[in-house]
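For reference, work.cif (mmCIF, C-alpha atoms):
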data_final
#
loop_
_atom_site.group_PDB
_atom_site.id
_atom_site.type_symbol
_atom_site.label_atom_id
_atom_site.label_comp_id
_atom_site.auth_asym_id
_atom_site.auth_seq_id
_atom_site.Cartn_x
_atom_site.Cartn_y
_atom_site.Cartn_z
ATOM 1 C CA MET A 1 19.130 -16.968 -8.609
ATOM 2 C CA ASP A 2 18.086 -14.022 -6.442
ATOM 3 C CA GLN A 3 20.630 -12.114 -4.411
ATOM 4 C CA TRP A 4 20.513 -9.519 -1.622
ATOM 5 C CA THR A 5 23.273 -6.944 -1.340
ATOM 6 C CA LYS A 6 23.823 -4.348 1.355
ATOM 7 C CA THR A 7 24.414 -0.830 0.060
ATOM 8 C CA ILE A 8 23.989 2.870 0.873
ATOM 9 C CA ARG A 9 21.050 4.830 -0.563
ATOM 10 C CA ASP A 10 21.029 8.605 0.015
ATOM 11 C CA GLY A 11 23.025 8.122 3.198
ATOM 12 C CA TYR A 12 20.877 5.272 4.572
ATOM 13 C CA ASN A 13 21.775 1.600 4.893
ATOM 14 C CA ALA A 14 19.747 -0.289 2.303
ATOM 15 C CA TRP A 15 19.252 -3.734 0.805
ATOM 16 C CA ILE A 16 18.925 -4.457 -2.891
ATOM 17 C CA GLY A 17 17.364 -7.735 -3.994
ATOM 18 C CA GLU A 18 17.844 -8.745 -7.606
ATOM 19 C CA THR A 19 16.861 -11.348 -10.151
ATOM 20 C CA GLU A 20 17.362 -11.179 -13.909
ATOM 21 C CA PHE A 21 13.926 -9.439 -14.062
ATOM 22 C CA ILE A 22 13.634 -7.335 -10.893
ATOM 23 C CA SER A 23 15.701 -4.988 -8.765
ATOM 24 C CA PHE A 24 14.082 -3.939 -5.467
ATOM 25 C CA CYS A 25 15.619 -1.597 -2.870
ATOM 26 C CA VAL A 26 14.508 -1.394 0.797
ATOM 27 C CA ILE A 27 15.622 0.987 3.567
ATOM 28 C CA PRO A 28 14.854 -0.714 6.928
ATOM 29 C CA SER A 29 15.491 2.400 9.066
ATOM 30 C CA LEU A 30 12.830 4.339 7.136
ATOM 31 C CA GLY A 31 9.857 2.162 7.956
ATOM 32 C CA SER A 32 11.207 -0.679 5.826
ATOM 33 C CA LYS A 33 10.360 1.570 2.888
ATOM 34 C CA GLY A 34 10.710 0.364 -0.684
ATOM 35 C CA VAL A 35 12.522 3.104 -2.603
ATOM 36 C CA SER A 36 13.024 1.430 -5.983
ATOM 37 C CA LEU A 37 11.212 -1.275 -7.943
ATOM 38 C CA LEU A 38 12.969 -1.623 -11.271
ATOM 39 C CA ASP A 39 12.126 -3.813 -14.251
ATOM 40 C CA ARG A 40 15.653 -4.742 -15.300
ATOM 41 C CA ARG A 41 14.507 -5.835 -18.758
ATOM 42 C CA THR A 42 13.157 -2.395 -19.701
ATOM 43 C CA ASN A 43 14.851 -0.208 -17.048
ATOM 44 C CA ARG A 44 11.425 1.040 -15.970
ATOM 45 C CA GLU A 45 11.250 2.432 -12.437
ATOM 46 C CA TRP A 46 7.799 1.633 -11.036
ATOM 47 C CA LEU A 47 8.076 3.487 -7.708
ATOM 48 C CA TRP A 48 7.453 7.224 -7.749
ATOM 49 C CA GLN A 49 9.939 9.671 -6.239
ATOM 50 C CA SER A 50 8.776 13.054 -4.941
ATOM 51 C CA GLY A 51 12.081 14.848 -5.355
ATOM 52 C CA LYS A 52 12.180 15.546 -1.609
ATOM 53 C CA PRO A 53 15.119 14.143 0.408
ATOM 54 C CA LEU A 54 14.482 10.652 1.724
ATOM 55 C CA GLY A 55 13.467 10.551 5.365
ATOM 56 C CA ASN A 56 10.736 11.434 7.859
ATOM 57 C CA GLN A 57 10.348 13.523 11.006
ATOM 58 C CA GLY A 58 9.991 10.541 13.314
ATOM 59 C CA TYR A 59 7.218 8.763 15.146
ATOM 60 C CA GLY A 60 3.940 10.658 15.290
ATOM 61 C CA SER A 61 4.868 13.064 12.502
ATOM 62 C CA SER A 62 2.705 13.810 9.497
ATOM 63 C CA PHE A 63 3.308 11.761 6.366
ATOM 64 C CA GLY A 64 3.474 15.031 4.435
ATOM 65 C CA GLU A 65 6.484 16.119 6.495
ATOM 66 C CA GLY A 66 8.459 13.185 5.111
ATOM 67 C CA ASP A 67 9.577 12.307 1.610
ATOM 68 C CA GLU A 68 6.058 11.161 0.569
ATOM 69 C CA SER A 69 7.483 8.702 -1.941
ATOM 70 C CA GLY A 70 8.130 5.024 -2.631
ATOM 71 C CA TRP A 71 6.374 2.197 -0.805
ATOM 72 C CA ASP A 72 5.330 2.440 2.848
ATOM 73 C CA GLU A 73 3.221 0.231 5.113
ATOM 74 C CA MET A 74 0.175 1.744 6.857
ATOM 75 C CA PHE A 75 -0.638 0.010 10.177
ATOM 76 C CA PRO A 76 -2.535 -0.265 12.554
ATOM 77 C CA GLY A 77 -4.528 2.599 11.024
ATOM 78 C CA ILE A 78 -4.299 5.083 8.156
ATOM 79 C CA ASN A 79 -5.975 8.336 9.161
ATOM 80 C CA ALA A 80 -4.872 9.765 12.488
ATOM 81 C CA CYS A 81 -7.488 8.794 15.076
ATOM 82 C CA GLN A 82 -8.045 7.475 18.576
ATOM 83 C CA TYR A 83 -8.376 3.742 19.022
ATOM 84 C CA PRO A 84 -12.121 3.259 19.602
ATOM 85 C CA ILE A 85 -12.358 0.225 21.893
ATOM 86 C CA GLY A 86 -10.709 -1.241 25.009
ATOM 87 C CA PRO A 87 -8.198 -1.978 26.309
ATOM 88 C CA TRP A 88 -6.560 0.707 24.103
ATOM 89 C CA GLU A 89 -9.557 3.031 23.865
ATOM 90 C CA GLY A 90 -8.391 6.623 23.378
ATOM 91 C CA THR A 91 -4.846 5.686 22.370
ATOM 92 C CA VAL A 92 -3.739 7.876 19.466
ATOM 93 C CA ILE A 93 -2.839 6.307 16.129
ATOM 94 C CA PRO A 94 -0.609 8.721 14.169
ATOM 95 C CA ASP A 95 -1.127 9.813 10.574
ATOM 96 C CA HIS A 96 -0.578 6.834 8.232
ATOM 97 C CA GLY A 97 -0.128 4.591 11.291
ATOM 98 C CA GLU A 98 2.856 3.722 13.445
ATOM 99 C CA VAL A 99 5.224 1.612 11.393
ATOM 100 C CA TRP A 100 6.070 3.820 8.365
ATOM 101 C CA SER A 101 8.046 6.232 10.561
ATOM 102 C CA LEU A 102 9.852 3.612 12.683
ATOM 103 C CA SER A 103 13.193 1.905 12.175
ATOM 104 C CA TRP A 104 12.786 -1.824 11.489
ATOM 105 C CA SER A 105 15.332 -4.516 12.266
ATOM 106 C CA ASP A 106 16.679 -6.403 9.257
ATOM 107 C CA LYS A 107 18.212 -9.814 8.656
ATOM 108 C CA ILE A 108 19.081 -11.956 5.668
ATOM 109 C CA THR A 109 17.666 -15.472 6.011
ATOM 110 C CA SER A 110 17.598 -18.531 3.783
ATOM 111 C CA GLU A 111 14.274 -17.231 2.394
ATOM 112 C CA GLY A 112 15.391 -13.665 1.703
ATOM 113 C CA LEU A 113 15.247 -10.347 3.575
ATOM 114 C CA ARG A 114 13.314 -10.228 6.851
ATOM 115 C CA CYS A 115 12.309 -6.878 8.407
ATOM 116 C CA THR A 116 10.626 -6.630 11.817
ATOM 117 C CA VAL A 117 9.178 -3.861 13.980
ATOM 118 C CA ASP A 118 7.437 -3.650 17.374
ATOM 119 C CA GLY A 119 4.492 -1.378 18.091
ATOM 120 C CA VAL A 120 4.927 1.781 20.138
ATOM 121 C CA GLU A 121 1.487 2.282 21.722
ATOM 122 C CA PHE A 122 0.187 -1.209 20.969
ATOM 123 C CA PRO A 123 1.628 -4.651 21.844
ATOM 124 C CA TYR A 124 2.321 -6.164 18.433
ATOM 125 C CA THR A 125 5.204 -7.284 16.250
ATOM 126 C CA LEU A 126 4.936 -6.917 12.488
ATOM 127 C CA GLU A 127 7.257 -8.861 10.211
ATOM 128 C CA LYS A 128 7.847 -8.797 6.463
ATOM 129 C CA GLN A 129 9.790 -11.425 4.541
ATOM 130 C CA TYR A 130 10.877 -10.392 1.026
ATOM 131 C CA SER A 131 11.690 -13.145 -1.445
ATOM 132 C CA PHE A 132 11.563 -13.955 -5.144
ATOM 133 C CA THR A 133 9.420 -17.008 -5.838
ATOM 134 C CA TYR A 134 10.209 -16.698 -9.550
ATOM 135 C CA PRO A 135 12.560 -14.318 -11.370
ATOM 136 C CA GLU A 136 9.584 -12.152 -12.339
ATOM 137 C CA ILE A 137 7.758 -12.286 -8.955
ATOM 138 C CA LEU A 138 8.599 -10.383 -5.776
ATOM 139 C CA ARG A 139 6.770 -11.848 -2.785
ATOM 140 C CA ILE A 140 6.217 -10.193 0.589
ATOM 141 C CA ASP A 141 5.030 -12.442 3.416
ATOM 142 C CA TYR A 142 3.551 -10.620 6.402
ATOM 143 C CA LYS A 143 3.214 -11.964 9.927
ATOM 144 C CA LEU A 144 1.474 -9.993 12.683
ATOM 145 C CA ARG A 145 1.888 -11.172 16.285
ATOM 146 C CA ASN A 146 -0.481 -9.922 18.986
ATOM 147 C CA ARG A 147 1.426 -9.863 22.285
ATOM 148 C CA SER A 148 -1.610 -8.993 24.410
ATOM 149 C CA ASP A 149 -4.468 -10.910 26.052
ATOM 150 C CA ALA A 150 -7.093 -8.983 24.041
ATOM 151 C CA SER A 151 -8.219 -9.298 20.454
ATOM 152 C CA PHE A 152 -6.673 -6.559 18.283
ATOM 153 C CA PRO A 153 -8.710 -5.180 15.336
ATOM 154 C CA PHE A 154 -6.379 -3.417 12.908
ATOM 155 C CA LEU A 155 -6.325 -1.627 9.587
ATOM 156 C CA TRP A 156 -3.388 -2.430 7.301
ATOM 157 C CA ALA A 157 -2.905 -1.249 3.758
ATOM 158 C CA ALA A 158 0.021 -1.304 1.393
ATOM 159 C CA HIS A 159 0.984 2.161 0.150
ATOM 160 C CA PRO A 160 3.072 1.791 -3.015
ATOM 161 C CA LEU A 161 3.147 5.049 -4.964
ATOM 162 C CA PHE A 162 3.588 4.069 -8.599
ATOM 163 C CA ASN A 163 5.098 6.055 -11.441
ATOM 164 C CA VAL A 164 2.320 6.464 -14.000
ATOM 165 C CA ARG A 165 1.562 8.397 -17.146
ATOM 166 C CA GLU A 166 -1.667 9.377 -18.809
ATOM 167 C CA GLY A 167 -3.374 6.540 -20.670
ATOM 168 C CA MET A 168 -2.162 3.683 -18.487
ATOM 169 C CA ARG A 169 -4.922 1.381 -17.288
ATOM 170 C CA LEU A 170 -6.060 -0.129 -13.990
ATOM 171 C CA HIS A 171 -7.348 -3.721 -14.049
ATOM 172 C CA VAL A 172 -9.437 -5.180 -11.195
ATOM 173 C CA PRO A 173 -11.686 -8.259 -10.826
ATOM 174 C CA GLN A 174 -14.680 -8.129 -13.164
ATOM 175 C CA ASP A 175 -17.272 -8.359 -10.411
ATOM 176 C CA LEU A 176 -16.210 -5.016 -8.906
ATOM 177 C CA ASP A 177 -18.672 -2.403 -10.113
ATOM 178 C CA GLN A 178 -19.125 0.096 -7.265
ATOM 179 C CA ILE A 179 -16.846 2.277 -5.140
ATOM 180 C CA MET A 180 -17.166 4.174 -1.864
ATOM 181 C CA ILE A 181 -15.423 7.527 -1.483
ATOM 182 C CA SER A 182 -12.917 8.187 1.282
ATOM 183 C CA TYR A 183 -11.573 11.466 -0.113
ATOM 184 C CA SER A 184 -12.117 13.455 -3.303
ATOM 185 C CA GLU A 185 -10.353 16.745 -4.067
ATOM 186 C CA HIS A 186 -12.899 19.369 -5.164
ATOM 187 C CA GLN A 187 -15.511 16.668 -4.328
ATOM 188 C CA ARG A 188 -15.463 15.496 -7.934
ATOM 189 C CA LEU A 189 -16.603 12.011 -6.860
ATOM 190 C CA GLY A 190 -18.560 13.215 -3.844
ATOM 191 C CA VAL A 191 -17.857 13.210 -0.116
ATOM 192 C CA PHE A 192 -16.941 10.591 2.490
ATOM 193 C CA GLU A 193 -19.153 7.450 2.225
ATOM 194 C CA ASP A 194 -20.697 8.464 -1.105
ATOM 195 C CA ARG A 195 -21.006 5.624 -3.600
ATOM 196 C CA GLN A 196 -20.384 5.682 -7.332
ATOM 197 C CA ALA A 197 -20.482 3.191 -10.184
ATOM 198 C CA TRP A 198 -17.213 1.729 -11.444
ATOM 199 C CA PRO A 199 -15.525 2.407 -13.801
ATOM 200 C CA GLN A 200 -17.807 4.939 -15.529
ATOM 201 C CA VAL A 201 -18.682 7.819 -13.204
ATOM 202 C CA GLU A 202 -20.982 10.721 -14.002
ATOM 203 C CA THR A 203 -19.663 14.045 -12.676
ATOM 204 C CA SER A 204 -20.454 17.718 -13.226
ATOM 205 C CA ASN A 205 -17.630 17.701 -15.774
ATOM 206 C CA GLY A 206 -19.063 14.768 -17.681
ATOM 207 C CA THR A 207 -18.399 11.028 -17.691
ATOM 208 C CA ILE A 208 -15.053 9.774 -16.365
ATOM 209 C CA ASP A 209 -13.585 6.321 -16.841
ATOM 210 C CA LEU A 210 -11.696 5.719 -13.588
ATOM 211 C CA SER A 211 -9.875 2.715 -15.021
ATOM 212 C CA PHE A 212 -7.651 5.018 -17.119
ATOM 213 C CA ILE A 213 -4.856 7.136 -15.653
ATOM 214 C CA GLU A 214 -5.495 10.852 -16.118
ATOM 215 C CA SER A 215 -2.997 13.637 -16.713
ATOM 216 C CA LYS A 216 -1.375 15.709 -13.997
ATOM 217 C CA GLN A 217 -3.153 18.750 -15.414
ATOM 218 C CA SER A 218 -6.569 17.403 -14.430
ATOM 219 C CA ASN A 219 -5.804 18.659 -10.887
ATOM 220 C CA PHE A 220 -7.782 16.015 -8.999
ATOM 221 C CA ALA A 221 -6.881 13.546 -6.259
ATOM 222 C CA GLU A 222 -9.087 10.719 -4.984
ATOM 223 C CA LYS A 223 -9.089 7.844 -2.535
ATOM 224 C CA TYR A 224 -11.814 5.247 -2.865
ATOM 225 C CA TYR A 225 -12.560 1.647 -1.879
ATOM 226 C CA PHE A 226 -14.381 -0.960 -3.898
ATOM 227 C CA VAL A 227 -17.636 -1.847 -2.148
ATOM 228 C CA GLY A 228 -17.825 -5.258 -0.514
ATOM 229 C CA LYS A 229 -15.342 -7.995 0.203
ATOM 230 C CA LEU A 230 -13.266 -9.315 -2.648
ATOM 231 C CA THR A 231 -13.729 -12.759 -4.147
ATOM 232 C CA GLU A 232 -10.474 -12.430 -6.095
ATOM 233 C CA GLY A 233 -7.347 -10.770 -4.758
ATOM 234 C CA PHE A 234 -5.591 -8.940 -7.551
ATOM 235 C CA ALA A 235 -5.167 -5.615 -9.327
ATOM 236 C CA ALA A 236 -2.840 -4.539 -12.101
ATOM 237 C CA LEU A 237 -1.481 -1.532 -13.957
ATOM 238 C CA SER A 238 -0.722 -1.810 -17.662
ATOM 239 C CA ASP A 239 0.962 0.533 -20.118
ATOM 240 C CA PRO A 240 -0.547 0.155 -23.601
ATOM 241 C CA GLU A 241 2.340 2.089 -25.156
ATOM 242 C CA THR A 242 4.984 -0.395 -24.038
ATOM 243 C CA GLY A 243 2.993 -3.546 -23.254
ATOM 244 C CA GLU A 244 4.364 -3.593 -19.700
ATOM 245 C CA MET A 245 2.191 -4.703 -16.782
ATOM 246 C CA LEU A 246 2.587 -4.911 -13.018
ATOM 247 C CA THR A 247 0.151 -7.216 -11.181
ATOM 248 C CA ILE A 248 -0.393 -7.378 -7.416
ATOM 249 C CA LYS A 249 -1.914 -10.575 -6.009
ATOM 250 C CA PHE A 250 -3.033 -11.222 -2.438
ATOM 251 C CA PRO A 251 -5.315 -13.618 -0.476
ATOM 252 C CA PRO A 252 -8.857 -12.149 -0.338
ATOM 253 C CA ASP A 253 -9.769 -14.130 2.766
ATOM 254 C CA LYS A 254 -7.030 -12.317 4.692
ATOM 255 C CA VAL A 255 -6.975 -9.034 2.765
ATOM 256 C CA PRO A 256 -10.616 -8.608 1.700
ATOM 257 C CA TYR A 257 -10.684 -4.970 0.553
ATOM 258 C CA LEU A 258 -9.094 -2.972 -2.254
ATOM 259 C CA ALA A 259 -8.470 0.772 -2.257
ATOM 260 C CA ILE A 260 -7.140 3.140 -4.899
ATOM 261 C CA TRP A 261 -5.270 6.423 -4.405
ATOM 262 C CA ALA A 262 -5.214 8.389 -7.657
ATOM 263 C CA ASN A 263 -3.325 11.691 -7.531
ATOM 264 C CA TYR A 264 -3.494 13.679 -10.735
ATOM 265 C CA GLY A 265 -1.941 16.905 -9.501
ATOM 266 C CA GLY A 266 -4.667 17.554 -6.943
ATOM 267 C CA TYR A 267 -2.498 16.807 -3.892
ATOM 268 C CA GLY A 268 0.889 18.509 -3.691
ATOM 269 C CA GLY A 269 0.989 18.915 -7.451
ATOM 270 C CA TYR A 270 2.139 15.285 -7.614
ATOM 271 C CA HIS A 271 1.283 12.700 -10.253
ATOM 272 C CA HIS A 272 1.232 9.144 -8.924
ATOM 273 C CA PHE A 273 -1.110 6.199 -8.362
ATOM 274 C CA ALA A 274 -1.404 3.602 -5.597
ATOM 275 C CA ILE A 275 -3.018 0.166 -5.537
ATOM 276 C CA GLU A 276 -3.757 -0.509 -1.863
ATOM 277 C CA PRO A 277 -4.908 -3.958 -0.740
ATOM 278 C CA ALA A 278 -6.363 -3.429 2.736
ATOM 279 C CA THR A 279 -7.807 -5.249 5.757
ATOM 280 C CA GLY A 280 -10.456 -2.604 6.430
ATOM 281 C CA ILE A 281 -12.269 0.272 4.757
ATOM 282 C CA LEU A 282 -12.268 4.044 4.276
ATOM 283 C CA ASP A 283 -8.894 4.784 5.973
ATOM 284 C CA ASP A 284 -10.518 5.283 9.387
ATOM 285 C CA LEU A 285 -10.064 2.489 11.920
ATOM 286 C CA SER A 286 -12.879 3.782 14.132
ATOM 287 C CA TYR A 287 -15.271 3.741 11.163
ATOM 288 C CA ALA A 288 -14.127 0.284 10.050
ATOM 289 C CA ILE A 289 -14.614 -1.196 13.530
ATOM 290 C CA ARG A 290 -18.081 0.341 13.898
ATOM 291 C CA ALA A 291 -19.024 -0.963 10.446
ATOM 292 C CA ASP A 292 -17.558 -4.406 11.236
ATOM 293 C CA LYS A 293 -15.426 -4.150 8.101
ATOM 294 C CA VAL A 294 -12.009 -4.757 9.558
ATOM 295 C CA MET A 295 -9.821 -7.757 10.357
ATOM 296 C CA SER A 296 -8.611 -8.763 13.807
ATOM 297 C CA VAL A 297 -5.809 -10.813 15.326
ATOM 298 C CA ASP A 298 -6.673 -12.985 18.328
ATOM 299 C CA ALA A 299 -5.150 -12.573 21.777
ATOM 300 C CA TYR A 300 -1.562 -13.924 21.687
ATOM 301 C CA GLY A 301 -2.334 -14.987 18.111
ATOM 302 C CA THR A 302 -0.813 -14.414 14.697
ATOM 303 C CA TYR A 303 -2.280 -13.137 11.444
ATOM 304 C CA GLU A 304 -0.507 -13.888 8.170
ATOM 305 C CA TRP A 305 -0.960 -12.691 4.599
ATOM 306 C CA PHE A 306 1.139 -11.979 1.514
ATOM 307 C CA LEU A 307 1.534 -9.839 -1.574
ATOM 308 C CA GLU A 308 2.987 -10.991 -4.887
ATOM 309 C CA LEU A 309 4.157 -8.469 -7.460
ATOM 310 C CA GLN A 310 4.512 -9.918 -10.929
ATOM 311 C CA PHE A 311 6.135 -8.188 -13.876
ATOM 312 C CA GLY A 312 4.412 -8.926 -17.159
#

Write-out of the structure in structure tokens:
Amino acid sequence: MDQWTKTIRDGYNAWIGETEFISFCVIPSLGSKGVSLLDRRTNREWLWQSGKPLGNQGYGSSFGEGDESGWDEMFPGINACQYPIGPWEGTVIPDHGEVWSLSWSDKITSEGLRCTVDGVEFPYTLEKQYSFTYPEILRIDYKLRNRSDASFPFLWAAHPLFNVREGMRLHVPQDLDQIMISYSEHQRLGVFEDRQAWPQVETSNGTIDLSFIESKQSNFAEKYYFVGKLTEGFAALSDPETGEMLTIKFPPDKVPYLAIWANYGGYGGYHHFAIEPATGILDDLSYAIRADKVMSVDAYGTYEWFLELQFG
């Protein structure tokens, strides 16, 4: 049986959900942030901690001014930009979106923990329902409500920063063989919009296999998207030393894109890795709308999707 318990984490009210396999901790007042994802069988902590105090500087602040750790939601954009089309044309979307820096309401239901937030500059309500469908599976059901009379294109991406070590491996669907660059420290993979083969990439420093986690000393950091819409919705991290695996599954018809953030010391001196299912591409909502590679919720409509995290 799963169980949700209210507790205090670093001075913040928090919820811990537990099964015999998983312990997951959420702080609703910090963007409904996940701060711990523990495999209780091995005591492995999957979410990365920066060492900075938990918290952020409030709505509209830079993500880098906050704790930069754990699992945040990025919505309705990722990069700071102006909304490109009416009726919200020119409205500013903050860095990493609106919802990561807002306080969400929280409620225990018969299904699990429900967290909800309303938009600041845009008329939406975003809801997450956390539950355990099996002892080894954490499920997050998302529901987006558009409270306006206009269609609302949006860019959502999960932003779980995972604890990794050199030699771990990324697994993605076999038909993915090309990536498009959003950001590359020292331009190792190129510049914005450049394309590269996956997983073997030729660089000035030789061939790199992007499916293997590099060391912190490599001093690179990269954000890239797999080219094209997904036919299968999953990605996984495995640790060959321990045999452990964490798999993320999601519906490709609702979440058709997959991004990777790989930080090997190149940003902030940090060493972490993010698997980011997304509803649009290249972190820029204006770009995604112009390219028609973004999802939209109808006027007064709802848009629903889910993530499942399975411990192997």

Å distance separating atom CA of A:Glu73 from atom CA of A:Glu18, one decimal place: 21.4 Å

With a cut-off of 9 Å, could you pull out the residues of stretch 95-207 of chain A touching stretch 62-70 of chain A and give me the nearest pair of atoms for each, distance in Å to one decimal, using all atoms listed in the file, ordered by chain and ascending number, as a Markdown table?
| residue | atom | partner | partner_atom | distance |
| --- | --- | --- | --- | --- |
| A:Asp95 | CA | A:Ser62 | CA | 5.6 |
| A:His96 | CA | A:Phe63 | CA | 6.5 |
| A:Trp100 | CA | A:Phe63 | CA | 8.6 |
| A:Ser101 | CA | A:Phe63 | CA | 8.4 |
| A:His159 | CA | A:Gly70 | CA | 8.2 |
| A:Pro160 | CA | A:Gly70 | CA | 6.0 |
| A:Leu161 | CA | A:Gly70 | CA | 5.5 |
| A:Phe162 | CA | A:Gly70 | CA | 7.6 |

Spatial neighbours of stretch 137-145 of chain A, 7 Å, all atoms listed in the file, chain gap at least 4 places, as a PyMOL selection string: chain A and resi 124-133+300-311

Around all of stretch 34-39 of chain A's listed atoms, make the axis-aligned box with 4 Å on each side and tell me centre and edge lengths in Å to one decimal, as AutoDock Vina command-line options.
--center_x 11.9 --center_y -0.4 --center_z -7.5 --size_x 10.3 --size_y 14.9 --size_z 21.6

Closest of A:Ser215, A:Thr231, A:Thr207, A:Ser182 to A:Asp284 - atom-to-atom distances counting all atoms listed in the file: A:Ser182

Test item: the PyMOL selection byres ((chain A and resi 76-87) around 6) resolved as a PyMOL selection string: chain A and resi 74-75+88-97+154-156+283-286

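Ranking A:Val99, A:Lys6, A:Gly228, A:Phe122 by their shortest atom-to-atom distance to A:Lys293, with all atoms listed in the file included, puts A:Gly228 first.
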
Non-local contacts of stretch 253-257 of chain A (7 Å; all atoms listed in the file; under 4 positions in same chain excluded) as a PyMOL selection string: chain A and resi 229-230+277-281+305

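Residue nearest A:Arg165, chosen from A:Gly265, A:Gly233, A:Pro153, A:Gly55 and counting only C-alpha atoms: A:Gly265.
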
I need the residue set behind the PyMOL selection byres ((chain A and resi 135) around 6) for this file; please write it as a PDB file with C-alpha atoms, in the coordinates of the input.
ATOM      1  CA  THR A  19      16.861 -11.348 -10.151  1.00  0.00           C
ATOM      2  CA  PHE A  21      13.926  -9.439 -14.062  1.00  0.00           C
ATOM      3  CA  TYR A 134      10.209 -16.698  -9.550  1.00  0.00           C
ATOM      4  CA  GLU A 136       9.584 -12.152 -12.339  1.00  0.00           C
ATOM      5  CA  ILE A 137       7.758 -12.286  -8.955  1.00  0.00           C
TER       6      ILE A 137
END

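Pairwise distance (atom CA of A:Thr247, atom CA of A:His171) equals 8.8 Å.
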
Contacts of stretch 41-43 of chain A at 10 Å (all atoms listed in the file; same-chain gap of 3+ positions) as a ChimeraX atom specification: /A:20-23,37-38,46,242,244,311

Of the listed residues A:Tyr264, A:Ala299, A:His271, A:Gly31, that which approaches A:Leu47 most closely, counting only C-alpha atoms: A:His271

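In this model, the gap between atom CA of A:Asp175 and atom CA of A:Ser211 comes to 14.1 Å.
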
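With distances restricted to all atoms listed in the file, A:Ile27 is the closest residue to A:Trp104 from A:Pro53, A:Asp298, A:Ile275, A:Ile27.
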
Resolved residues for the PyMOL selection byres ((chain A and resi 15) around 8) as JSON, numbers by chain: {"A": [4, 5, 6, 7, 13, 14, 16, 17, 25, 26, 27]}
